[in-house]
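J.: Sharing data_28.txt here; it has compact mmCIF, C-alpha atoms.
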# COMPACT_ATOMS: atom_id res chain seq x y z
CA MET A 1 192.31 58.43 -8.08
CA ARG A 2 188.57 58.12 -7.49
CA ILE A 3 187.75 56.68 -4.08
CA GLY A 4 184.55 54.73 -3.49
CA TYR A 5 181.63 54.23 -5.84
CA LYS A 6 178.65 55.69 -4.05
CA SER A 7 177.32 58.04 -6.71
CA VAL A 8 175.43 57.13 -9.87
CA MET A 9 177.97 56.35 -12.61
CA SER A 10 177.81 55.87 -16.36
CA LEU A 11 177.70 52.10 -16.46
CA ASN A 12 178.70 50.63 -19.80
CA PHE A 13 175.26 49.32 -20.76
CA ARG A 14 174.02 52.92 -20.73
CA ILE A 15 176.70 54.25 -23.08
CA ASN A 16 176.39 54.24 -26.88
CA ALA A 17 173.46 51.84 -26.54
CA ASP A 18 171.82 52.96 -29.80
CA ASN A 19 174.86 52.23 -31.97
CA GLU A 20 173.48 49.71 -34.46
CA ALA A 21 176.90 48.72 -35.82
CA LEU A 22 178.03 47.93 -32.26
CA GLN A 23 174.90 45.89 -31.64
CA TRP A 24 175.61 43.76 -34.71
CA TRP A 25 179.26 43.33 -33.70
CA ASN A 26 178.16 42.05 -30.30
CA TYR A 27 175.58 39.79 -31.92
CA ASP A 28 178.26 38.10 -34.02
CA LEU A 29 180.56 37.78 -31.00
CA ASN A 30 177.70 36.20 -29.03
CA HIS A 31 177.57 33.44 -31.64
CA GLU A 32 181.31 32.82 -31.42
CA ASP A 33 181.27 32.89 -27.62
CA ILE A 34 178.34 30.47 -27.35
CA LEU A 35 180.07 27.94 -29.61
CA HIS A 36 183.34 28.35 -27.72
CA ASP A 37 181.63 27.69 -24.37
CA ALA A 38 179.92 24.63 -25.85
CA ALA A 39 183.17 22.99 -26.94
CA ASN A 40 182.94 20.46 -24.07
CA ILE A 41 179.61 19.09 -25.35
CA LYS A 42 180.26 15.72 -27.00
CA GLU A 43 179.58 15.62 -30.75
CA LEU A 44 178.34 19.20 -30.66
CA ARG A 45 177.48 19.40 -34.37
CA LYS A 46 175.24 16.35 -34.05
CA ASN A 47 173.56 17.58 -30.86
CA GLN A 48 170.07 18.32 -32.12
CA LEU A 49 168.84 19.95 -28.91
CA PHE A 50 171.76 22.38 -28.73
CA ASN A 51 171.41 23.37 -32.37
CA GLN A 52 167.67 23.89 -31.99
CA CYS A 53 168.29 26.16 -28.98
CA LEU A 54 171.03 28.07 -30.78
CA ASN A 55 168.82 28.66 -33.82
CA GLU A 56 166.06 30.04 -31.61
CA ILE A 57 168.41 32.35 -29.70
CA LEU A 58 170.27 33.68 -32.74
CA THR A 59 167.53 34.28 -35.28
CA GLU A 60 169.31 36.82 -37.49
CA GLU A 61 171.72 36.10 -40.33
CA MET A 62 175.35 35.94 -39.22
CA ALA A 63 178.06 38.14 -40.71
CA GLY A 64 179.83 35.11 -42.17
CA GLU A 65 183.18 36.04 -40.63
CA GLU A 66 184.65 36.58 -37.20
CA ALA A 67 183.88 39.81 -35.37
CA SER A 68 186.86 42.00 -36.24
CA MET A 69 188.68 44.98 -34.78
CA ASP A 70 189.31 48.33 -36.45
CA GLU A 71 192.94 49.47 -36.38
CA THR A 72 191.91 53.06 -35.70
CA GLU A 73 188.82 52.85 -33.52
CA ASP A 74 190.12 49.85 -31.55
CA SER A 75 193.80 50.80 -31.57
CA THR A 76 194.41 49.53 -28.04
CA TYR A 77 193.75 45.99 -29.32
CA PHE A 78 196.89 46.19 -31.43
CA ASN A 79 198.96 48.12 -28.87
CA PRO A 80 198.30 46.91 -25.31
CA ILE A 81 200.53 47.59 -22.31
CA LYS A 82 202.34 44.80 -20.51
CA VAL A 83 202.01 44.87 -16.71
CA PRO A 84 203.68 42.92 -13.89
CA LYS A 85 202.04 39.59 -13.07
CA GLU A 86 202.42 39.92 -9.30
CA SER A 87 202.51 43.14 -7.31
CA LYS A 88 201.57 44.13 -3.77
CA ILE A 89 200.98 47.70 -4.93
CA ARG A 90 199.29 49.08 -8.00
CA PRO A 91 201.68 48.94 -11.00
CA VAL A 92 202.45 52.33 -12.51
CA GLN A 93 201.03 51.11 -15.82
CA LEU A 94 197.61 50.81 -14.12
CA SER A 95 197.60 54.21 -12.42
CA ASN A 96 194.23 55.03 -14.02
CA VAL A 97 192.59 51.82 -12.80
CA ASP A 98 190.69 52.29 -9.53
CA TYR A 99 189.06 48.86 -9.35
CA THR A 100 189.22 45.52 -11.10
CA ILE A 101 186.13 43.53 -12.01
CA HIS A 102 186.98 39.94 -11.19
CA ASP A 103 186.27 37.48 -13.96
CA THR A 104 189.08 34.93 -13.78
CA TYR A 105 191.41 36.78 -11.41
CA SER A 106 191.18 39.11 -8.44
CA GLY A 107 192.87 42.48 -8.62
CA LYS A 108 194.60 41.64 -5.36
CA LYS A 109 197.20 39.84 -7.49
CA ILE A 110 198.33 43.23 -8.74
CA GLY A 111 197.53 45.46 -5.78
CA ILE A 112 194.08 46.69 -6.87
CA ALA A 113 190.78 46.25 -5.04
CA ASP A 114 187.88 44.38 -6.66
CA LYS A 115 184.57 46.11 -7.26
CA ILE A 116 181.53 44.10 -6.25
CA THR A 117 178.86 44.07 -8.97
CA PRO A 118 175.99 41.66 -9.76
CA SER A 119 178.23 39.92 -12.30
CA TYR A 120 180.27 38.42 -9.46
CA TYR A 121 177.36 36.22 -8.51
CA PHE A 122 176.00 35.60 -11.97
CA ASP A 123 179.29 34.22 -13.29
CA PRO A 124 180.35 30.88 -11.72
CA ALA A 125 184.01 31.61 -12.47
CA SER A 126 184.15 34.46 -9.98
CA ARG A 127 181.38 33.65 -7.51
CA GLY A 128 182.36 32.70 -3.97
CA TYR A 129 182.59 35.88 -1.91
CA THR A 130 181.67 34.97 1.67
CA LYS A 131 183.46 37.69 3.64
CA PRO A 132 181.28 40.04 5.73
CA GLY A 133 180.37 43.21 3.92
CA VAL A 134 180.41 41.82 0.40
CA ALA A 135 176.63 41.44 0.29
CA ALA A 136 176.29 44.98 1.60
CA ASP A 137 178.64 46.24 -1.14
CA LEU A 138 176.54 44.48 -3.77
CA LYS A 139 173.34 46.02 -2.42
CA SER A 140 174.94 49.47 -2.36
CA PHE A 141 176.15 49.10 -5.95
CA ILE A 142 172.67 48.18 -7.16
CA GLN A 143 170.91 50.92 -5.22
CA ASN A 144 173.43 53.70 -5.84
CA ASN A 145 173.42 53.07 -9.58
CA GLY A 146 169.65 53.11 -9.87
CA LEU A 147 169.46 49.42 -10.80
CA LEU A 148 166.93 48.18 -8.25
CA ASN A 149 163.62 47.21 -9.90
CA THR A 150 164.77 48.93 -13.11
CA PRO A 151 164.89 47.13 -16.48
CA ILE A 152 168.39 46.84 -17.94
CA ASP A 153 168.13 46.73 -21.73
CA LEU A 154 170.71 44.41 -23.35
CA THR A 155 170.13 45.57 -26.94
CA LYS A 156 173.61 47.10 -27.04
CA TYR A 157 175.12 43.64 -26.59
CA GLY A 158 173.35 42.04 -29.53
CA PHE A 159 170.09 40.92 -27.92
CA THR A 160 166.56 41.60 -29.15
CA ASP A 161 163.92 42.70 -26.63
CA THR A 162 165.90 41.23 -23.74
CA THR A 163 166.04 42.82 -20.30
CA ILE A 164 167.05 41.93 -16.77
CA ILE A 165 165.56 43.36 -13.57
CA MET A 166 167.16 42.95 -10.14
CA THR A 167 165.34 42.90 -6.82
CA PHE A 168 165.99 41.61 -3.31
CA GLU A 169 163.86 39.10 -1.41
CA LYS A 170 164.24 37.75 2.10
CA GLN A 171 163.45 34.10 2.76
CA LYS A 172 165.93 31.67 4.31
CA TRP A 173 168.65 34.02 3.02
CA ASN A 174 168.64 37.48 1.52
CA TYR A 175 168.21 36.65 -2.16
CA LEU A 176 169.26 38.68 -5.14
CA VAL A 177 166.56 37.92 -7.71
CA VAL A 178 167.44 38.46 -11.36
CA HIS A 179 164.34 38.48 -13.55
CA ILE A 180 165.25 37.75 -17.19
CA LYS A 181 162.85 38.55 -20.01
CA THR A 182 163.43 37.54 -23.64
CA PRO A 183 161.08 37.71 -26.65
CA ASP A 184 159.71 34.23 -25.85
CA ASP A 185 160.52 33.55 -22.20
CA GLU A 186 160.53 34.97 -18.67
CA PHE A 187 162.29 33.37 -15.70
CA GLU A 188 164.00 34.21 -12.43
CA ILE A 189 167.41 33.39 -11.02
CA LYS A 190 167.82 33.52 -7.24
CA ILE A 191 171.30 34.13 -5.85
CA THR A 192 172.39 34.26 -2.20
CA PRO A 193 174.91 37.09 -1.87
CA ASN A 194 175.51 36.36 1.83
CA GLU A 195 176.85 32.90 0.96
CA GLY A 196 178.10 33.52 -2.56
CA GLU A 197 176.23 30.44 -3.75
CA TYR A 198 173.45 29.80 -6.22
CA GLU A 199 170.59 27.45 -5.39
CA PRO A 200 168.59 26.33 -8.44
CA GLU A 201 164.91 25.92 -7.78
CA ASP A 202 165.08 22.69 -9.81
CA PRO A 203 168.36 20.79 -9.30
CA ASP A 204 168.04 19.30 -12.80
CA PHE A 205 168.43 22.76 -14.33
CA PRO A 206 171.22 24.69 -12.56
CA TYR A 207 171.45 27.52 -15.08
CA LEU A 208 174.36 29.24 -13.31
CA ALA A 209 176.46 26.15 -12.65
CA GLY A 210 178.73 26.79 -15.61
CA ASN A 211 179.85 24.82 -18.65
CA PRO A 212 180.13 21.34 -17.02
CA GLU A 213 176.46 21.27 -15.98
CA LYS A 214 175.38 22.80 -19.28
CA ALA A 215 177.30 20.10 -21.16
CA ARG A 216 175.74 17.35 -19.05
CA PHE A 217 172.26 18.67 -19.82
CA PHE A 218 172.79 18.84 -23.59
CA THR A 219 174.58 15.48 -23.70
CA LYS A 220 171.79 13.78 -21.79
CA HIS A 221 169.04 15.24 -23.98
CA ALA A 222 170.93 15.47 -27.27
CA ASN A 223 168.10 14.10 -29.41
CA ASP A 224 165.16 15.72 -27.58
CA TYR A 225 164.97 18.77 -29.81
CA GLN A 226 161.21 18.42 -30.24
CA ASN A 227 160.61 18.61 -26.50
CA LYS A 228 159.54 22.23 -26.07
CA GLU A 229 160.16 22.24 -22.32
CA LEU A 230 163.74 21.02 -22.75
CA VAL A 231 164.32 23.59 -25.49
CA VAL A 232 163.30 26.30 -23.02
CA HIS A 233 165.71 24.98 -20.40
CA GLY A 234 168.48 24.64 -22.97
CA LYS A 235 168.09 28.23 -24.11
CA ARG A 236 168.26 29.38 -20.49
CA PHE A 237 171.50 27.44 -19.94
CA ILE A 238 173.07 29.08 -23.01
CA LEU A 239 171.81 32.56 -22.21
CA CYS A 240 172.90 32.49 -18.57
CA LYS A 241 176.40 31.31 -19.43
CA LEU A 242 176.70 34.06 -22.04
CA LEU A 243 175.44 36.70 -19.60
CA GLY A 244 177.84 35.51 -16.92
CA ASP A 245 180.80 36.97 -18.83
CA LEU A 246 178.99 39.76 -20.65
CA LEU A 247 177.67 41.39 -17.46
CA HIS A 248 181.23 42.06 -16.27
CA ALA A 249 181.50 44.57 -19.10
CA ALA A 250 177.93 45.83 -18.78
CA PHE A 251 178.42 46.94 -15.16
CA ALA A 252 181.86 48.51 -15.67
CA THR A 253 182.48 52.24 -15.62
CA ASP A 254 185.38 54.68 -15.90
CA GLY A 255 188.22 53.57 -13.64
CA ASP A 256 187.30 49.88 -13.83
CA ALA A 257 189.23 47.13 -15.61
CA VAL A 258 187.88 43.62 -16.14
CA PHE A 259 190.52 41.02 -15.16
CA THR A 260 190.23 37.84 -17.25
CA ASN A 261 191.89 35.13 -19.32
CA ASP A 262 188.89 34.91 -21.68
CA GLY A 263 189.73 36.22 -25.15
CA TYR A 264 186.07 36.71 -26.05
CA LEU A 265 185.44 38.84 -22.99
CA ARG A 266 188.65 40.77 -23.70
CA ASP A 267 187.44 41.60 -27.21
CA ARG A 268 183.97 42.53 -26.00
CA CYS A 269 185.48 44.92 -23.46
CA ILE A 270 187.75 46.55 -26.04
CA LYS A 271 184.95 47.04 -28.58
CA ASN A 272 182.52 48.35 -25.95
CA LYS A 273 185.11 50.74 -24.43
CA VAL A 274 185.74 48.90 -21.17
CA GLU A 275 189.30 48.63 -19.92
CA VAL A 276 190.53 45.07 -19.52
CA ILE A 277 193.56 43.20 -18.18
CA HIS A 278 194.02 39.93 -20.05
CA ARG A 279 196.27 36.98 -19.30
CA GLU A 280 197.77 35.85 -22.60
CA TYR A 281 200.43 33.45 -23.85
CA CYS A 282 203.61 34.72 -25.42
CA LYS A 283 205.77 32.48 -27.62
CA LYS A 284 209.48 32.06 -27.13
CA GLY A 285 211.35 34.50 -29.33
CA ASP A 286 208.69 37.23 -29.03
CA ILE A 287 210.38 40.43 -27.89
CA ASN A 288 207.39 41.22 -25.66
CA CYS A 289 208.18 38.34 -23.29
CA LYS A 290 211.96 38.18 -23.48
CA GLU A 291 212.29 39.20 -19.82
CA GLU A 292 209.75 36.63 -18.66
CA PHE A 293 211.56 33.79 -20.41
CA LEU A 294 214.84 34.90 -18.91
CA MET A 295 213.29 34.98 -15.43
CA ALA A 296 211.63 31.60 -15.97
CA LYS A 297 214.96 30.09 -17.00
CA THR A 298 216.87 31.42 -14.02
CA GLN A 299 214.22 31.68 -11.30
CA THR A 300 214.41 29.11 -8.51
CA GLY A 301 212.79 28.86 -5.15
CA GLY A 302 212.55 26.37 -2.33
CA VAL A 303 209.29 24.47 -1.86
CA SER A 304 208.14 24.31 1.73
CA GLY A 305 208.44 20.86 3.18
CA LYS A 306 210.18 19.39 0.13
CA LYS A 307 213.75 18.96 -1.00
CA GLY A 308 215.15 20.64 -4.06
CA GLN A 309 214.18 23.72 -6.01
CA LYS A 310 211.34 24.50 -8.35
CA LYS A 311 211.60 26.39 -11.64
CA ALA A 312 208.97 28.81 -12.83
CA LYS A 313 206.50 27.18 -15.19
CA VAL A 314 206.48 27.77 -18.92
CA VAL A 315 203.97 26.01 -21.13
CA LYS A 316 203.87 24.62 -24.66
CA SER A 317 200.09 24.78 -25.12
CA SER A 318 197.88 27.82 -25.58
CA LYS A 319 194.86 26.10 -24.07
CA LYS A 320 193.40 27.58 -20.91
CA ASN A 321 194.56 24.62 -18.83
CA GLY A 322 197.91 24.36 -20.58
CA LEU A 323 199.79 26.03 -17.75
CA LYS A 324 198.77 23.22 -15.39
CA LYS A 325 199.18 20.31 -17.79
CA ASN A 326 202.33 21.23 -19.73
CA PRO A 327 204.85 23.00 -17.51
CA LYS A 328 207.96 21.27 -18.85
CA GLU A 329 208.81 22.81 -22.20
CA PHE A 330 209.98 26.42 -22.54
CA ASN A 331 207.92 27.34 -25.62
CA GLN A 332 205.29 29.71 -24.21
CA ILE A 333 204.80 31.77 -21.09
CA SER A 334 201.84 33.70 -19.70
CA ILE A 335 201.89 37.48 -19.38
CA TYR A 336 199.37 40.20 -18.47
CA TYR A 337 198.36 42.80 -21.05
CA TYR A 338 196.40 45.93 -20.17
CA TYR A 339 194.05 47.33 -22.81
CA PRO A 340 193.08 50.90 -21.90
CA VAL A 341 190.09 52.45 -23.61
CA SER A 342 190.96 53.99 -26.96
CA TYR A 343 188.90 56.34 -29.10
CA GLY A 344 190.86 56.15 -32.32
CA ASP A 345 194.18 57.19 -30.78
CA GLN A 346 197.28 55.03 -30.92
CA GLN A 347 198.71 54.10 -27.54
CA GLY A 348 200.45 51.33 -25.69
CA GLY A 349 203.29 49.03 -26.65
CA SER A 350 204.52 47.30 -29.76
CA LYS A 351 202.44 44.13 -29.79
CA GLN A 352 200.79 43.64 -33.19
CA LYS A 353 197.91 41.31 -34.09
CA LEU A 354 196.63 40.69 -37.57
CA SER A 355 193.52 38.77 -36.54
CA LEU A 356 191.49 37.95 -33.45
CA ILE A 357 192.91 35.10 -31.41
CA HIS A 358 190.74 33.86 -28.58
CA ILE A 359 192.29 31.86 -25.75
Once more with this new file: its structure as structure tokens, please.
T.:
Amino acid sequence: MRIGYKSVMSLNFRINADNEALQWWNYDLNHEDILHDAANIKELRKNQLFNQCLNEILTEEMAGEEASMDETEDSTYFNPIKVPKESKIRPVQLSNVDYTIHDTYSGKKIGIADKITPSYYFDPASRGYTKPGVAADLKSFIQNNGLLNTPIDLTKYGFTDTTIIMTFEKQKWNYLVVHIKTPDDEFEIKITPNEGEYEPEDPDFPYLAGNPEKARFFTKHANDYQNKELVVHGKRFILCKLLGDLLHAAFATDGDAVFTNDGYLRDRCIKNKVEVIHREYCKKGDINCKEEFLMAKTQTGGVSGKKGQKKAKVVKSSKKNGLKKNPKEFNQISIYYYYPVSYGDQQGGSKQKLSLIHI
């Protein structure tokens, strides 16, 4: 197993970056992902500001169908490996994984250390690292990989003439400054690694605050599509949310596995040759989760401070929040699947998918 990450590594954004077919695949997935993340915007199809922003971000003709997987080149998509959901030590199935990149979940759940990359702070789902040393780890990652003050070209991931540059500034806190340049805009995001918090320079436009704030902005200004300033802010909201997930894959290298429940990020990792551990739902009767259903049916455990026993939760909805809202019916259960990198070779278990299903 590789220990530490002090030397310059082949980060994903540097690999196969000139593959035009891959660029177009990522471009189409960007469109799907943007619409998925905008699902909480009321009357999305009628939101003139959002649609104006989307049309200006995605200027090329779409493929007309969902981004698909190839049964040979992307064989791991059809044959992932099931891994234990809780483990104090690294599961044997993940013996080749040195670090997890924390999107939705920390690798500590399965006995693997998290790697600190800039994506931790850019993505609101995983930001919040306040322990001493985390900021130092982030700085080391940036410096040791030659990322400081160096343009990172995002063409591989379906963007045109779009780069990010990272620097550090010291004011009230030590800031990580991410300078984002697109064909028609340039702006900066300041992040405080020491606190794990983002402070927008204008509180009305918190670009990294996630989907709730983005939805509030587009709902409030739904009909202001002719306001050029609001269009600029809207495009920044969309772009930053998209980058929040995408950068987990961009900064991954051999020995890393992104840990997520996002089906779009899972698919992006698989297509771009990044290992990923994905929390998925398995329906009752599926042979792949027979053991989990049996355990859920028989498992009991005392709840501290309360009388009675509590059964393991099984859900009936495949929505992200289904596990919390629908624990009563034994129709579906969550499991972890590991998708190792594949280069046209068949590997893994027996799970078969005929089409992309994003959760």
J.: Can you write out as CSV which residues of range 201-314 of chain A fall within 12 Å of range 11-21 of chain A, alongside each residue's closest atom pair and its distance in Å to one decimal, counting only C-alpha atoms and ordering rows by chain and ascending residue number?
T.:
residue,atom,partner,partner_atom,distance
A:Leu246,CA,A:Phe13,CA,10.3
A:Leu247,CA,A:Phe13,CA,8.9
A:His248,CA,A:Asn12,CA,9.6
A:Ala249,CA,A:Asn12,CA,6.7
A:Ala250,CA,A:Phe13,CA,4.8
A:Phe251,CA,A:Leu11,CA,5.4
A:Ala252,CA,A:Leu11,CA,5.6
A:Thr253,CA,A:Leu11,CA,4.9
A:Asp254,CA,A:Leu11,CA,8.1
A:Gly255,CA,A:Leu11,CA,11.0
A:Asp256,CA,A:Leu11,CA,10.2
A:Ala257,CA,A:Asn12,CA,11.9
A:Arg268,CA,A:Asn12,CA,11.5
A:Cys269,CA,A:Asn12,CA,9.6
A:Ile270,CA,A:Asn12,CA,11.7
A:Lys271,CA,A:Ala21,CA,11.0
A:Asn272,CA,A:Asn12,CA,7.6
A:Lys273,CA,A:Asn12,CA,7.9
A:Val274,CA,A:Asn12,CA,7.4
A:Glu275,CA,A:Asn12,CA,10.8
J.: I need the chosen residues saved as a PDB file, in the coordinates of the input, with C-alpha atoms.
T.:
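The file below, out.pdb, is the result:
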ATOM      1  CA  LEU A 246     178.990  39.760 -20.650  1.00  0.00           C
ATOM      2  CA  LEU A 247     177.670  41.390 -17.460  1.00  0.00           C
ATOM      3  CA  HIS A 248     181.230  42.060 -16.270  1.00  0.00           C
ATOM      4  CA  ALA A 249     181.500  44.570 -19.100  1.00  0.00           C
ATOM      5  CA  ALA A 250     177.930  45.830 -18.780  1.00  0.00           C
ATOM      6  CA  PHE A 251     178.420  46.940 -15.160  1.00  0.00           C
ATOM      7  CA  ALA A 252     181.860  48.510 -15.670  1.00  0.00           C
ATOM      8  CA  THR A 253     182.480  52.240 -15.620  1.00  0.00           C
ATOM      9  CA  ASP A 254     185.380  54.680 -15.900  1.00  0.00           C
ATOM     10  CA  GLY A 255     188.220  53.570 -13.640  1.00  0.00           C
ATOM     11  CA  ASP A 256     187.300  49.880 -13.830  1.00  0.00           C
ATOM     12  CA  ALA A 257     189.230  47.130 -15.610  1.00  0.00           C
ATOM     13  CA  ARG A 268     183.970  42.530 -26.000  1.00  0.00           C
ATOM     14  CA  CYS A 269     185.480  44.920 -23.460  1.00  0.00           C
ATOM     15  CA  ILE A 270     187.750  46.550 -26.040  1.00  0.00           C
ATOM     16  CA  LYS A 271     184.950  47.040 -28.580  1.00  0.00           C
ATOM     17  CA  ASN A 272     182.520  48.350 -25.950  1.00  0.00           C
ATOM     18  CA  LYS A 273     185.110  50.740 -24.430  1.00  0.00           C
ATOM     19  CA  VAL A 274     185.740  48.900 -21.170  1.00  0.00           C
ATOM     20  CA  GLU A 275     189.300  48.630 -19.920  1.00  0.00           C
TER      21      GLU A 275
END
J.: Smallest atom-to-atom distance to Lys85 in chain A: which of A:Tyr337, A:Ile287, A:Lys181, A:Ser342, using only C-alpha atoms?
T.: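 Looking at the shortest contact to Lys85 in chain A, the residue is A:Tyr337.
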J.: Using only C-alpha atoms, which of A:Ile189, A:Trp173, A:Thr219, A:Phe50 sits nearest Leu35 in chain A?
T.: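 Between A:Ile189, A:Trp173, A:Thr219, A:Phe50, the residue approaching Leu35 in chain A most closely is A:Phe50.
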J.: Which is closest to Val258 in chain A among A:His233, A:Lys228, A:His31, A:Arg279, if we use only C-alpha atoms?
T.: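 Of all the options, A:Arg279 lies closest to Val258 in chain A.
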J.: Counting only C-alpha atoms, which residue out of A:Asn30, A:Ser95, A:Gln171, A:Gln52 sits closest to Lys241 in chain A?
T.: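 Looking only at the distances to Lys241 in chain A, the closest residue turns out to be A:Asn30.
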J.: Using all atoms listed in the file, collect all residues at a distance of at most 12 Å from (204.1, 37.8, -24.0) as written in the file, then present them as JSON, numbers by chain.
T.: {"A": [80, 81, 82, 83, 84, 85, 278, 279, 280, 281, 282, 283, 284, 285, 286, 287, 288, 289, 290, 291, 292, 293, 314, 318, 331, 332, 333, 334, 335, 336, 337, 338, 349, 350, 351, 352]}
J.: Please measure the separation of CA of Asp245 in chain A and CA of Asp224 in chain A, giving the value in Å to one decimal.
T.: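 Spanning CA of Asp245 in chain A to CA of Asp224 in chain A is a straight-line distance of 27.8 Å.
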J.: Give me, as a CSV table (one decimal) with C-alpha atoms, keeping the file's coordinate frame, all polymer residues having an atom no more than 7 Å from Asn26 in chain A, counting only C-alpha atoms and skipping those fewer than 4 positions away in the same chain.
T.:
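Done, and the output landed in part.csv:
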chain,number,residue,atom,x,y,z
A,22,LEU,CA,178.0,47.9,-32.3
A,30,ASN,CA,177.7,36.2,-29.0
A,157,TYR,CA,175.1,43.6,-26.6
A,158,GLY,CA,173.4,42.0,-29.5
J.: Find the residue from A:Arg236, A:Lys46, A:His102, A:Lys88 that sits nearest to Asp262 in chain A; use all atoms listed in the file when measuring.
T.: A:His102
J.: Identify which of the residues A:Ile112, A:Met69, A:Val177, A:Leu138 lies closest to Ser87 in chain A, counting all atoms listed in the file when measuring atom-to-atom distances.
T.: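 Ranking A:Ile112, A:Met69, A:Val177, A:Leu138 by distance to Ser87 in chain A, first place goes to A:Ile112.
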J.: As a ChimeraX atom specification, please: the residues near His221 in chain A (cut-off 12 Å, all atoms listed in the file, same-chain neighbours under 3 positions excluded).
T.: /A:41-42,46-52,204,214-218,224-231,233-234
J.: Which value, in Å to one decimal, gives the distance between CA of Glu61 in chain A and CA of Trp25 in chain A?
T.: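 Answer for the CA of Glu61 in chain A to CA of Trp25 in chain A separation: 12.4 Å.
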J.: Which neighbours of Lys170 in chain A fall inside 12 Å, counting all atoms listed in the file, when residues of the same chain fewer than 6 positions from it are skipped, and could you give them as a PyMOL selection string?
T.: chain A and resi 176-177+190-194
J.: For the selection you just gave me, I'd like the residues written to a file as an mmCIF file, in the coordinates of the input, keeping C-alpha atoms.
T.:
data_model
loop_
_atom_site.group_PDB
_atom_site.id
_atom_site.type_symbol
_atom_site.label_atom_id
_atom_site.label_comp_id
_atom_site.auth_asym_id
_atom_site.auth_seq_id
_atom_site.Cartn_x
_atom_site.Cartn_y
_atom_site.Cartn_z
ATOM 1 C CA LEU A 176 169.260 38.680 -5.140
ATOM 2 C CA VAL A 177 166.560 37.920 -7.710
ATOM 3 C CA LYS A 190 167.820 33.520 -7.240
ATOM 4 C CA ILE A 191 171.300 34.130 -5.850
ATOM 5 C CA THR A 192 172.390 34.260 -2.200
ATOM 6 C CA PRO A 193 174.910 37.090 -1.870
ATOM 7 C CA ASN A 194 175.510 36.360 1.830
#
J.: Grab range 173-188 of chain A from that structure and dump N, CA and C atoms to a file, as a compact mmCIF listing (two decimals), in the first residue's frame.
T.:
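So selection-v9.txt came out as:
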# COMPACT_ATOMS: atom_id res chain seq x y z
N TRP A 173 -7.97 35.43 7.97
CA TRP A 173 -7.61 34.02 8.00
C TRP A 173 -6.64 33.76 6.86
N ASN A 174 -6.10 32.55 6.82
CA ASN A 174 -5.37 32.10 5.64
C ASN A 174 -6.39 31.63 4.62
N TYR A 175 -6.51 32.36 3.53
CA TYR A 175 -7.52 32.05 2.52
C TYR A 175 -6.93 31.19 1.40
N LEU A 176 -7.73 30.22 0.97
CA LEU A 176 -7.47 29.56 -0.30
C LEU A 176 -8.29 30.33 -1.33
N VAL A 177 -7.63 30.90 -2.32
CA VAL A 177 -8.31 31.67 -3.35
C VAL A 177 -8.36 30.85 -4.63
N VAL A 178 -9.57 30.60 -5.11
CA VAL A 178 -9.75 29.87 -6.36
C VAL A 178 -10.21 30.87 -7.42
N HIS A 179 -9.35 31.11 -8.38
CA HIS A 179 -9.65 32.05 -9.47
C HIS A 179 -10.21 31.25 -10.64
N ILE A 180 -11.44 31.55 -11.03
CA ILE A 180 -12.14 30.81 -12.08
C ILE A 180 -12.27 31.68 -13.32
N LYS A 181 -11.84 31.16 -14.45
CA LYS A 181 -11.90 31.89 -15.70
C LYS A 181 -12.69 31.07 -16.73
N THR A 182 -13.71 31.68 -17.30
CA THR A 182 -14.52 31.06 -18.35
C THR A 182 -14.41 31.93 -19.60
N PRO A 183 -15.00 31.52 -20.71
CA PRO A 183 -14.90 32.36 -21.93
C PRO A 183 -15.45 33.76 -21.77
N ASP A 184 -16.39 33.98 -20.82
CA ASP A 184 -16.99 35.30 -20.70
C ASP A 184 -17.02 35.84 -19.27
N ASP A 185 -16.20 35.27 -18.39
CA ASP A 185 -16.25 35.72 -17.00
C ASP A 185 -14.95 35.35 -16.28
N GLU A 186 -14.62 36.13 -15.27
CA GLU A 186 -13.53 35.83 -14.34
C GLU A 186 -13.97 36.24 -12.96
N PHE A 187 -13.80 35.34 -11.97
CA PHE A 187 -14.16 35.70 -10.59
C PHE A 187 -13.35 34.84 -9.63
N GLU A 188 -13.38 35.24 -8.36
CA GLU A 188 -12.61 34.55 -7.34
C GLU A 188 -13.52 34.03 -6.23
